[in-house]
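Enquirer: I'd like to ask you about the structure that follows.
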Amino acid sequence: MRVFLNGNIYELQAGTGVTRYSITEFPTNIRTIGQRRRTDRNLLDTWEINDWSGGFGDEYARSNYAPNTFWDVENCDTRHGKFIVLSPAFNTCTVVPSRNVNKPFAHLADLYFAEPTGTTYGGIIYKFTAPNTIGSFKLLHTSALIGSITAILAQGNDIVFTALDDLAATRIYKTQGIGIVNAVAIGSIYNNSSLGWEPQMAFMGGTLHLITLKDDKAHFYLSNLGTAHYVASLSVAIGTHLSPMVTDGLTMFAPMPDGIYDFDVTPSKVIDYQGTQDKNANAAIYKQLLYYKNKKSVNRYDGTDITAVGYDLIDDFHSSKMGEVTAFAATSKYLYAAVKGASYSHILAYNGAWQFYAQIPTMGLWVRKMWFSDGNDGIDRLWCQFGNHPYPGYFLNPLVNPLQAPTYSYVATGHILTSAYAGGMNELQGGFYGVTVIGDVSPNNPIIMGYRLNKTTGGYTTWGTVGTSPAILPMWNSGHPYGKEGYNLQTIIMLRGNISTGTSPVFREAMVQYLKIPTIREAFDFVVDIDKTAKSRARPLENVIGSLNYEASSKVLMPFHYGQIATKRVLITNSPFAERLEDTRIYEGERIGLVKIICAEVG
């Protein structure tokens, strides 16, 4: 018998042939995350969807990179890592009487809002009363004519505010408590009232830091609640508003379009992004580090180094979530960021990874300011003030585990999209057979599971509705009784809450059963008779051995066939080989050489 390899003909050892067999492409253990368990079936693997603490923005799952990420989400709270619920409902406040009250400040245990348009000898403030009323106005009296309150904040029992007087100057006022007659003017900052810019004020160590704008210049002032002292001016192109200052107790940071300034005494630039000229800059102190937005990403500054922590860091973000960060709010647990998306604004939460918290329910609204309050009813609130809407609103219990909060309400629907999962083998087709779902559900609070294969565009096929737990949804629920073939599978987890009770299902875990099937490849095992080959082809022995040496060292696939089989492309896999000399006689005429060859398909 003979074989044909790389254009050469080789005779086989007498009485032998070619042994043909399939190659095992990978070992039985193909678990890509963690170790195979005793309960794992030999011919079935499980994709466990039970941890998304790595955050979102990963369209395709990779075996050893970010296994606990997901791609996209809407109206689901993913902050907790081990369970998912619907996002909290947004509460819009009723303003009585109907006013544009867009200047919030906390005074003692209450939250107040100032109306930007004042009255003769006074400005109007309104008190927030839970759950959603802003009313009960009072006057902040002054001894001079004023036009409108431009900025306001409280320091202990004192209230400090700026207002335009009858000479078109911005004047700083201080009063003890609310509604005290004849607030004292502690300094004047002459300004053109037609500019309409809102000054920014913040306290550090009892010293008032103030920034205002005139003629495209930012003017810096310091005050110990006595006279206001001018410090410096900077030429800037602000955008739509001056950015709030933030402090870590040691440094007052002032975000500007060309960088962030240290405004302890004389403003000095500590972070320079002159090249990007980021108008409407924003910053926050989170865990004693400075976080700031630069265009459509977020950076962290530790006093020495700058680290990119942008929510678009993985560069795989769903297009609906890409946008500008318009506001920050920080606590010891989370850094919240408002992002102006393609259609809706979203609130994201950061604690080492970006998670989804909530959606602003009205399309097109963008958040200009966010802050926390813990009013006298003892309930935390995350407030949102909008840049294109006059009335504020809030989310309840932003810091509390929603499963433990006594007062909590949810939106009606939401969904989360997993990364497209291929078991770490995107190049191989596989079979997907079903999913098991575990959660806290009921017929009134169900989870609907769907899927699509190969990351195709378009809709999703519904696996089924989960109203009891655990629930097994085999492929025949979607019309495929023997499984579904594909390279990767993406699941959509849809939560449906009860509108009348404001409750939410709780998604905890899903397990997708799948099997990756290797491409069938073949190997061929035979023994070449060197002497017989040399004689039959009228070639020297050394020529035959040289050909085999060349083919054994080849790095490209070579054509191979024998008998009636079609031509295969193979490599020799048992290199180097050995020649066996069985007998040597005079003139070596009876020399016998046998070479065992194994070649295999690898491409």
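So you can find residues: chains in the structure tokens are A, B, ... in the order shown, residues in each start at 1, and ligands are numbered from 1 in order.
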Residues at most 7 Å from Gly434 in chain A, counting only C-alpha atoms, excluding those fewer than 5 positions away in the same chain, as a list in words?
Expert: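 Counting only C-alpha atoms, the residues come to Leu473, Pro474, Met475, Val512 and Gln513 of chain A.
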Enquirer: Please report as a tab-separated table every residue of range 276-302 of chain A lying within 12 Å of range 370-392 of chain A, along with the nearest atom pair and their distance in Å (one decimal), using only C-alpha atoms.
Expert:
```
residue	atom	partner	partner_atom	distance
A:Asn280	CA	A:Gly387	CA	11.7
A:Asn282	CA	A:Met370	CA	11.1
A:Ala283	CA	A:Met370	CA	11.7
A:Ala284	CA	A:Met370	CA	10.8
```
Enquirer: Save the residues we just selected, all heavy atoms, as a PDB file, in the first residue's frame?
Expert:
```
ATOM      1  N   ASN A 280     -18.787  73.206  31.075  1.00  0.00           N
ATOM      2  CA  ASN A 280     -19.701  72.573  32.037  1.00  0.00           C
ATOM      3  C   ASN A 280     -19.027  71.416  32.760  1.00  0.00           C
ATOM      4  O   ASN A 280     -19.562  70.319  32.870  1.00  0.00           O
ATOM      5  CB  ASN A 280     -20.977  72.087  31.339  1.00  0.00           C
ATOM      6  CG  ASN A 280     -21.658  73.196  30.567  1.00  0.00           C
ATOM      7  OD1 ASN A 280     -21.616  74.347  30.961  1.00  0.00           O
ATOM      8  ND2 ASN A 280     -22.266  72.844  29.454  1.00  0.00           N
ATOM      9  N   ASN A 282     -17.588  69.084  35.750  1.00  0.00           N
ATOM     10  CA  ASN A 282     -18.191  68.637  37.000  1.00  0.00           C
ATOM     11  C   ASN A 282     -17.182  67.815  37.772  1.00  0.00           C
ATOM     12  O   ASN A 282     -16.325  67.146  37.180  1.00  0.00           O
ATOM     13  CB  ASN A 282     -19.443  67.785  36.733  1.00  0.00           C
ATOM     14  CG  ASN A 282     -20.680  68.644  36.514  1.00  0.00           C
ATOM     15  OD1 ASN A 282     -21.168  69.276  37.444  1.00  0.00           O
ATOM     16  ND2 ASN A 282     -21.149  68.693  35.282  1.00  0.00           N
ATOM     17  N   ALA A 283     -17.286  67.838  39.091  1.00  0.00           N
ATOM     18  CA  ALA A 283     -16.362  67.090  39.935  1.00  0.00           C
ATOM     19  C   ALA A 283     -17.071  66.702  41.226  1.00  0.00           C
ATOM     20  O   ALA A 283     -18.102  67.277  41.596  1.00  0.00           O
ATOM     21  CB  ALA A 283     -15.103  67.901  40.228  1.00  0.00           C
ATOM     22  N   ALA A 284     -16.502  65.711  41.927  1.00  0.00           N
ATOM     23  CA  ALA A 284     -17.031  65.269  43.216  1.00  0.00           C
ATOM     24  C   ALA A 284     -15.899  64.631  44.003  1.00  0.00           C
ATOM     25  O   ALA A 284     -14.932  64.119  43.426  1.00  0.00           O
ATOM     26  CB  ALA A 284     -18.176  64.275  43.037  1.00  0.00           C
TER      27      ALA A 284
END
```
Enquirer: Can you tell me, as a PyMOL selection string, what residues are no more than 8 Å from range 89-99 of chain A when counting only C-alpha atoms, ignoring any on the same chain fewer than 2 positions away?
Expert: chain A and resi 87+101+115+132-136+360-361+390-396+409-411
Enquirer: Store the residues picked out above in a file with N, CA and C atoms, as an mmCIF file, in the first residue's frame.
Expert:
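Full text of out14.cif as output:
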```
data_model
loop_
_atom_site.group_PDB
_atom_site.id
_atom_site.type_symbol
_atom_site.label_atom_id
_atom_site.label_comp_id
_atom_site.auth_asym_id
_atom_site.auth_seq_id
_atom_site.Cartn_x
_atom_site.Cartn_y
_atom_site.Cartn_z
ATOM 1 N N SER A 87 -35.596 49.403 38.989
ATOM 2 C CA SER A 87 -35.105 50.679 39.491
ATOM 3 C C SER A 87 -36.155 51.361 40.355
ATOM 4 N N VAL A 101 -38.538 77.125 41.369
ATOM 5 C CA VAL A 101 -37.709 77.101 42.579
ATOM 6 C C VAL A 101 -36.503 76.199 42.312
ATOM 7 N N GLU A 115 -36.520 80.903 45.256
ATOM 8 C CA GLU A 115 -37.008 81.336 43.956
ATOM 9 C C GLU A 115 -36.047 82.373 43.394
ATOM 10 N N ASN A 132 -44.053 65.149 48.676
ATOM 11 C CA ASN A 132 -43.692 65.776 47.401
ATOM 12 C C ASN A 132 -44.152 67.226 47.261
ATOM 13 N N THR A 133 -44.287 67.939 48.357
ATOM 14 C CA THR A 133 -44.765 69.320 48.279
ATOM 15 C C THR A 133 -43.634 70.298 48.574
ATOM 16 N N ILE A 134 -43.537 71.316 47.760
ATOM 17 C CA ILE A 134 -42.612 72.438 47.991
ATOM 18 C C ILE A 134 -43.474 73.693 48.085
ATOM 19 N N GLY A 135 -43.586 74.208 49.293
ATOM 20 C CA GLY A 135 -44.466 75.355 49.476
ATOM 21 C C GLY A 135 -44.159 76.078 50.771
ATOM 22 N N SER A 136 -45.164 76.709 51.364
ATOM 23 C CA SER A 136 -45.013 77.433 52.625
ATOM 24 C C SER A 136 -43.886 78.446 52.526
ATOM 25 N N ILE A 360 -34.106 58.657 34.229
ATOM 26 C CA ILE A 360 -35.029 59.791 34.346
ATOM 27 C C ILE A 360 -36.214 59.497 33.431
ATOM 28 N N PRO A 361 -37.437 59.449 33.950
ATOM 29 C CA PRO A 361 -38.552 58.879 33.173
ATOM 30 C C PRO A 361 -38.999 59.709 31.976
ATOM 31 N N PRO A 390 -38.354 73.156 35.183
ATOM 32 C CA PRO A 390 -38.270 73.973 36.396
ATOM 33 C C PRO A 390 -38.458 73.222 37.708
ATOM 34 N N TYR A 391 -39.044 72.023 37.693
ATOM 35 C CA TYR A 391 -39.399 71.383 38.957
ATOM 36 C C TYR A 391 -38.472 70.210 39.259
ATOM 37 N N PRO A 392 -38.007 70.107 40.489
ATOM 38 C CA PRO A 392 -37.107 69.008 40.862
ATOM 39 C C PRO A 392 -37.881 67.755 41.241
ATOM 40 N N GLY A 393 -37.126 66.671 41.489
ATOM 41 C CA GLY A 393 -37.713 65.421 41.960
ATOM 42 C C GLY A 393 -36.633 64.575 42.601
ATOM 43 N N TYR A 394 -37.006 63.371 43.072
ATOM 44 C CA TYR A 394 -36.040 62.584 43.833
ATOM 45 C C TYR A 394 -36.327 61.089 43.725
ATOM 46 N N PHE A 395 -35.295 60.293 44.089
ATOM 47 C CA PHE A 395 -35.411 58.851 44.284
ATOM 48 C C PHE A 395 -35.294 58.577 45.777
ATOM 49 N N LEU A 396 -36.176 57.702 46.282
ATOM 50 C CA LEU A 396 -36.155 57.342 47.705
ATOM 51 C C LEU A 396 -35.075 56.311 48.013
ATOM 52 N N SER A 409 -40.513 52.121 46.280
ATOM 53 C CA SER A 409 -41.419 51.893 45.159
ATOM 54 C C SER A 409 -40.573 51.757 43.891
ATOM 55 N N TYR A 410 -41.096 50.990 42.949
ATOM 56 C CA TYR A 410 -40.329 50.628 41.768
ATOM 57 C C TYR A 410 -41.055 51.069 40.500
ATOM 58 N N VAL A 411 -40.282 51.156 39.420
ATOM 59 C CA VAL A 411 -40.896 51.335 38.114
ATOM 60 C C VAL A 411 -41.569 50.026 37.716
#
```
Enquirer: Quick one: everything within 12 Å of Ser319 in chain A, counting only C-alpha atoms, minus sequence neighbours fewer than 5 positions away in the same chain. Send it as number ranges by chain.
Expert: A: 57, 59, 71-73, 312, 340-344
Enquirer: Can you tell me, as an mmCIF file with C-alpha atoms, in the first residue's frame, which residues in range 406-467 of chain A count as strand (DSSP E or B) by DSSP?
Expert:
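Output file out-v4.cif follows:
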```cif
data_model
loop_
_atom_site.group_PDB
_atom_site.id
_atom_site.type_symbol
_atom_site.label_atom_id
_atom_site.label_comp_id
_atom_site.auth_asym_id
_atom_site.auth_seq_id
_atom_site.Cartn_x
_atom_site.Cartn_y
_atom_site.Cartn_z
ATOM 1 C CA TYR A 410 -40.329 50.628 41.768
ATOM 2 C CA THR A 413 -40.801 47.277 33.802
ATOM 3 C CA GLY A 414 -37.114 46.873 33.121
ATOM 4 C CA HIS A 415 -34.590 44.579 31.506
ATOM 5 C CA ILE A 416 -30.938 43.598 31.544
ATOM 6 C CA LEU A 417 -28.936 42.274 28.597
ATOM 7 C CA THR A 418 -26.109 39.881 29.333
ATOM 8 C CA ALA A 420 -22.989 37.455 24.354
ATOM 9 C CA TYR A 421 -21.609 34.226 25.818
ATOM 10 C CA GLY A 430 -22.328 24.759 20.016
ATOM 11 C CA GLY A 431 -25.699 23.601 21.182
ATOM 12 C CA PHE A 432 -27.823 25.564 23.697
ATOM 13 C CA TYR A 433 -30.523 23.535 25.431
ATOM 14 C CA GLY A 434 -32.324 25.512 28.143
ATOM 15 C CA VAL A 435 -32.144 27.729 31.202
ATOM 16 C CA THR A 436 -32.973 27.383 34.896
ATOM 17 C CA VAL A 437 -34.043 30.577 36.684
ATOM 18 C CA ILE A 438 -33.979 31.266 40.435
ATOM 19 C CA GLY A 439 -35.458 34.371 42.042
ATOM 20 C CA ASP A 440 -38.149 35.842 44.259
ATOM 21 C CA SER A 442 -44.866 35.515 41.801
ATOM 22 C CA ASN A 445 -44.087 39.932 39.828
ATOM 23 C CA ILE A 447 -39.396 37.419 35.219
ATOM 24 C CA ILE A 448 -39.550 36.883 31.468
ATOM 25 C CA MET A 449 -36.506 35.220 29.900
ATOM 26 C CA GLY A 450 -35.552 35.663 26.273
ATOM 27 C CA TYR A 451 -32.530 34.948 24.083
ATOM 28 C CA ARG A 452 -30.970 35.472 20.707
ATOM 29 C CA LEU A 453 -28.139 33.644 18.972
ATOM 30 C CA THR A 461 -37.080 34.789 21.176
ATOM 31 C CA THR A 462 -39.030 34.298 24.400
ATOM 32 C CA TRP A 463 -37.995 31.345 26.527
ATOM 33 C CA GLY A 464 -40.855 31.738 28.946
ATOM 34 C CA THR A 465 -42.325 33.509 31.960
ATOM 35 C CA VAL A 466 -41.062 32.680 35.440
#
```
Enquirer: If I take CA of Cys599 in chain A and CA of Gly15 in chain A, how far is one from the other in Å, to one decimal?
Expert: 20.0 Å
Enquirer: For Val231 in chain A, please output as a list in words all residues within 7 Å (counting only C-alpha atoms; exclusion window: fewer than 5 positions along the same chain).
Expert: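 The filter keeps Phe220, Tyr221, Leu222 and Thr266 of chain A.
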Enquirer: If you count only C-alpha atoms, which residues fall within 7 Å of Ile125 in chain A, apart from same-chain ones fewer than 4 positions away, as a PyMOL selection string?
Expert: chain A and resi 112-115+137-139
Enquirer: Quick one: residues within 12 Å of Asn543 in chain A, only C-alpha atoms, excluding same-chain residues fewer than 3 positions away - as number ranges by chain?
Expert: A: 8, 10, 530-531, 533-535, 537-540, 546-550
Enquirer: Selection from above, N, CA and C atoms, as a PDB file, in the first residue's frame, can you write it?
Expert:
```pdb
ATOM      1  N   ASN A   8       4.846  13.540  -2.784  1.00  0.00           N
ATOM      2  CA  ASN A   8       5.724  12.385  -2.784  1.00  0.00           C
ATOM      3  C   ASN A   8       4.917  11.117  -2.510  1.00  0.00           C
ATOM      4  N   TYR A  10       4.955   7.318  -0.907  1.00  0.00           N
ATOM      5  CA  TYR A  10       5.667   6.509   0.076  1.00  0.00           C
ATOM      6  C   TYR A  10       5.009   5.133   0.157  1.00  0.00           C
ATOM      7  N   ILE A 530      11.260   2.682   4.028  1.00  0.00           N
ATOM      8  CA  ILE A 530      12.161   3.561   3.282  1.00  0.00           C
ATOM      9  C   ILE A 530      12.797   2.810   2.110  1.00  0.00           C
ATOM     10  N   ASP A 531      13.278   1.583   2.365  1.00  0.00           N
ATOM     11  CA  ASP A 531      13.963   0.828   1.322  1.00  0.00           C
ATOM     12  C   ASP A 531      13.020   0.514   0.165  1.00  0.00           C
ATOM     13  N   THR A 533      10.323   2.126  -0.632  1.00  0.00           N
ATOM     14  CA  THR A 533       9.981   3.374  -1.324  1.00  0.00           C
ATOM     15  C   THR A 533      11.100   3.774  -2.269  1.00  0.00           C
ATOM     16  N   ALA A 534      12.338   3.650  -1.820  1.00  0.00           N
ATOM     17  CA  ALA A 534      13.475   4.047  -2.656  1.00  0.00           C
ATOM     18  C   ALA A 534      13.553   3.181  -3.913  1.00  0.00           C
ATOM     19  N   LYS A 535      13.353   1.896  -3.752  1.00  0.00           N
ATOM     20  CA  LYS A 535      13.446   1.012  -4.907  1.00  0.00           C
ATOM     21  C   LYS A 535      12.305   1.246  -5.872  1.00  0.00           C
ATOM     22  N   ARG A 537      10.559   3.868  -6.421  1.00  0.00           N
ATOM     23  CA  ARG A 537      10.614   5.186  -7.056  1.00  0.00           C
ATOM     24  C   ARG A 537      11.960   5.442  -7.714  1.00  0.00           C
ATOM     25  N   ALA A 538      12.854   4.470  -7.622  1.00  0.00           N
ATOM     26  CA  ALA A 538      14.211   4.592  -8.191  1.00  0.00           C
ATOM     27  C   ALA A 538      14.909   5.836  -7.644  1.00  0.00           C
ATOM     28  N   ARG A 539      14.848   5.965  -6.303  1.00  0.00           N
ATOM     29  CA  ARG A 539      15.457   7.117  -5.628  1.00  0.00           C
ATOM     30  C   ARG A 539      16.453   6.590  -4.598  1.00  0.00           C
ATOM     31  N   PRO A 540      17.501   7.337  -4.322  1.00  0.00           N
ATOM     32  CA  PRO A 540      18.418   6.936  -3.259  1.00  0.00           C
ATOM     33  C   PRO A 540      17.703   6.953  -1.911  1.00  0.00           C
ATOM     34  N   GLY A 546      15.494  12.441   3.263  1.00  0.00           N
ATOM     35  CA  GLY A 546      15.500  13.905   3.199  1.00  0.00           C
ATOM     36  C   GLY A 546      14.118  14.482   2.978  1.00  0.00           C
ATOM     37  N   SER A 547      13.319  13.817   2.132  1.00  0.00           N
ATOM     38  CA  SER A 547      11.937  14.281   1.905  1.00  0.00           C
ATOM     39  C   SER A 547      11.115  14.188   3.179  1.00  0.00           C
ATOM     40  N   LEU A 548      11.258  13.083   3.903  1.00  0.00           N
ATOM     41  CA  LEU A 548      10.516  12.936   5.150  1.00  0.00           C
ATOM     42  C   LEU A 548      10.972  13.956   6.184  1.00  0.00           C
ATOM     43  N   ASN A 549      12.274  14.230   6.234  1.00  0.00           N
ATOM     44  CA  ASN A 549      12.767  15.254   7.153  1.00  0.00           C
ATOM     45  C   ASN A 549      12.168  16.621   6.828  1.00  0.00           C
ATOM     46  N   TYR A 550      12.125  16.952   5.561  1.00  0.00           N
ATOM     47  CA  TYR A 550      11.549  18.250   5.150  1.00  0.00           C
ATOM     48  C   TYR A 550      10.064  18.320   5.539  1.00  0.00           C
TER      49      TYR A 550
END
```
Enquirer: One decimal, Å: what's the distance from CA of Thr150 in chain A over to CA of Thr227 in chain A, could you say?
Expert: 18.6 Å
Enquirer: Please compute the CA of Ala358 in chain A-CA of Pro88 in chain A distance, one decimal, in Å.
Expert: 6.6 Å
Enquirer: Which residues of range 75-113 of chain A come within 6 Å of range 350-357 of chain A, and for each one, what is the closest pair of atoms and their distance in Å to one decimal, counting only C-alpha atoms, sorted by chain and residue number, as JSON lines?
Expert:
```
{"residue": "A:Asp77", "atom": "CA", "partner": "A:Tyr357", "partner_atom": "CA", "distance": 4.7}
{"residue": "A:Thr78", "atom": "CA", "partner": "A:Phe356", "partner_atom": "CA", "distance": 5.6}
{"residue": "A:Arg79", "atom": "CA", "partner": "A:Gln355", "partner_atom": "CA", "distance": 5.5}
```
Enquirer: Which residue out of A:Leu515, A:Met201, A:Ile149, A:Ile493 has the minimum interatomic distance to Gly423 in chain A when only C-alpha atoms are used?
Expert: A:Leu515
Enquirer: Nearest residue to Tyr301 in chain A out of A:Ala254, A:Val270, A:Ala218, A:Leu399, using only C-alpha atoms?
Expert: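 Of A:Ala254, A:Val270, A:Ala218, A:Leu399, the one nearest Tyr301 in chain A, counting only C-alpha atoms, is A:Val270.
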Enquirer: Identify all residues of range 439-533 of chain A in helix (DSSP H, G or I) (DSSP on the backbone) and supply them as a short mmCIF file (atom, residue, chain, number, x, y, z; two decimals) with C-alpha atoms, in the first residue's frame.
Expert:
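Written output follows (part-v3.cif):
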```cif
data_model
loop_
_atom_site.label_atom_id
_atom_site.label_comp_id
_atom_site.auth_asym_id
_atom_site.auth_seq_id
_atom_site.Cartn_x
_atom_site.Cartn_y
_atom_site.Cartn_z
CA MET A 475 -35.54 25.12 24.42
CA TRP A 476 -38.83 23.47 23.50
CA ASN A 477 -40.57 26.37 25.24
CA SER A 478 -39.39 28.40 22.28
CA ILE A 530 12.16 3.56 3.28
CA ASP A 531 13.96 0.83 1.32
CA LYS A 532 10.83 -0.25 -0.52
CA THR A 533 9.98 3.37 -1.32
#
```
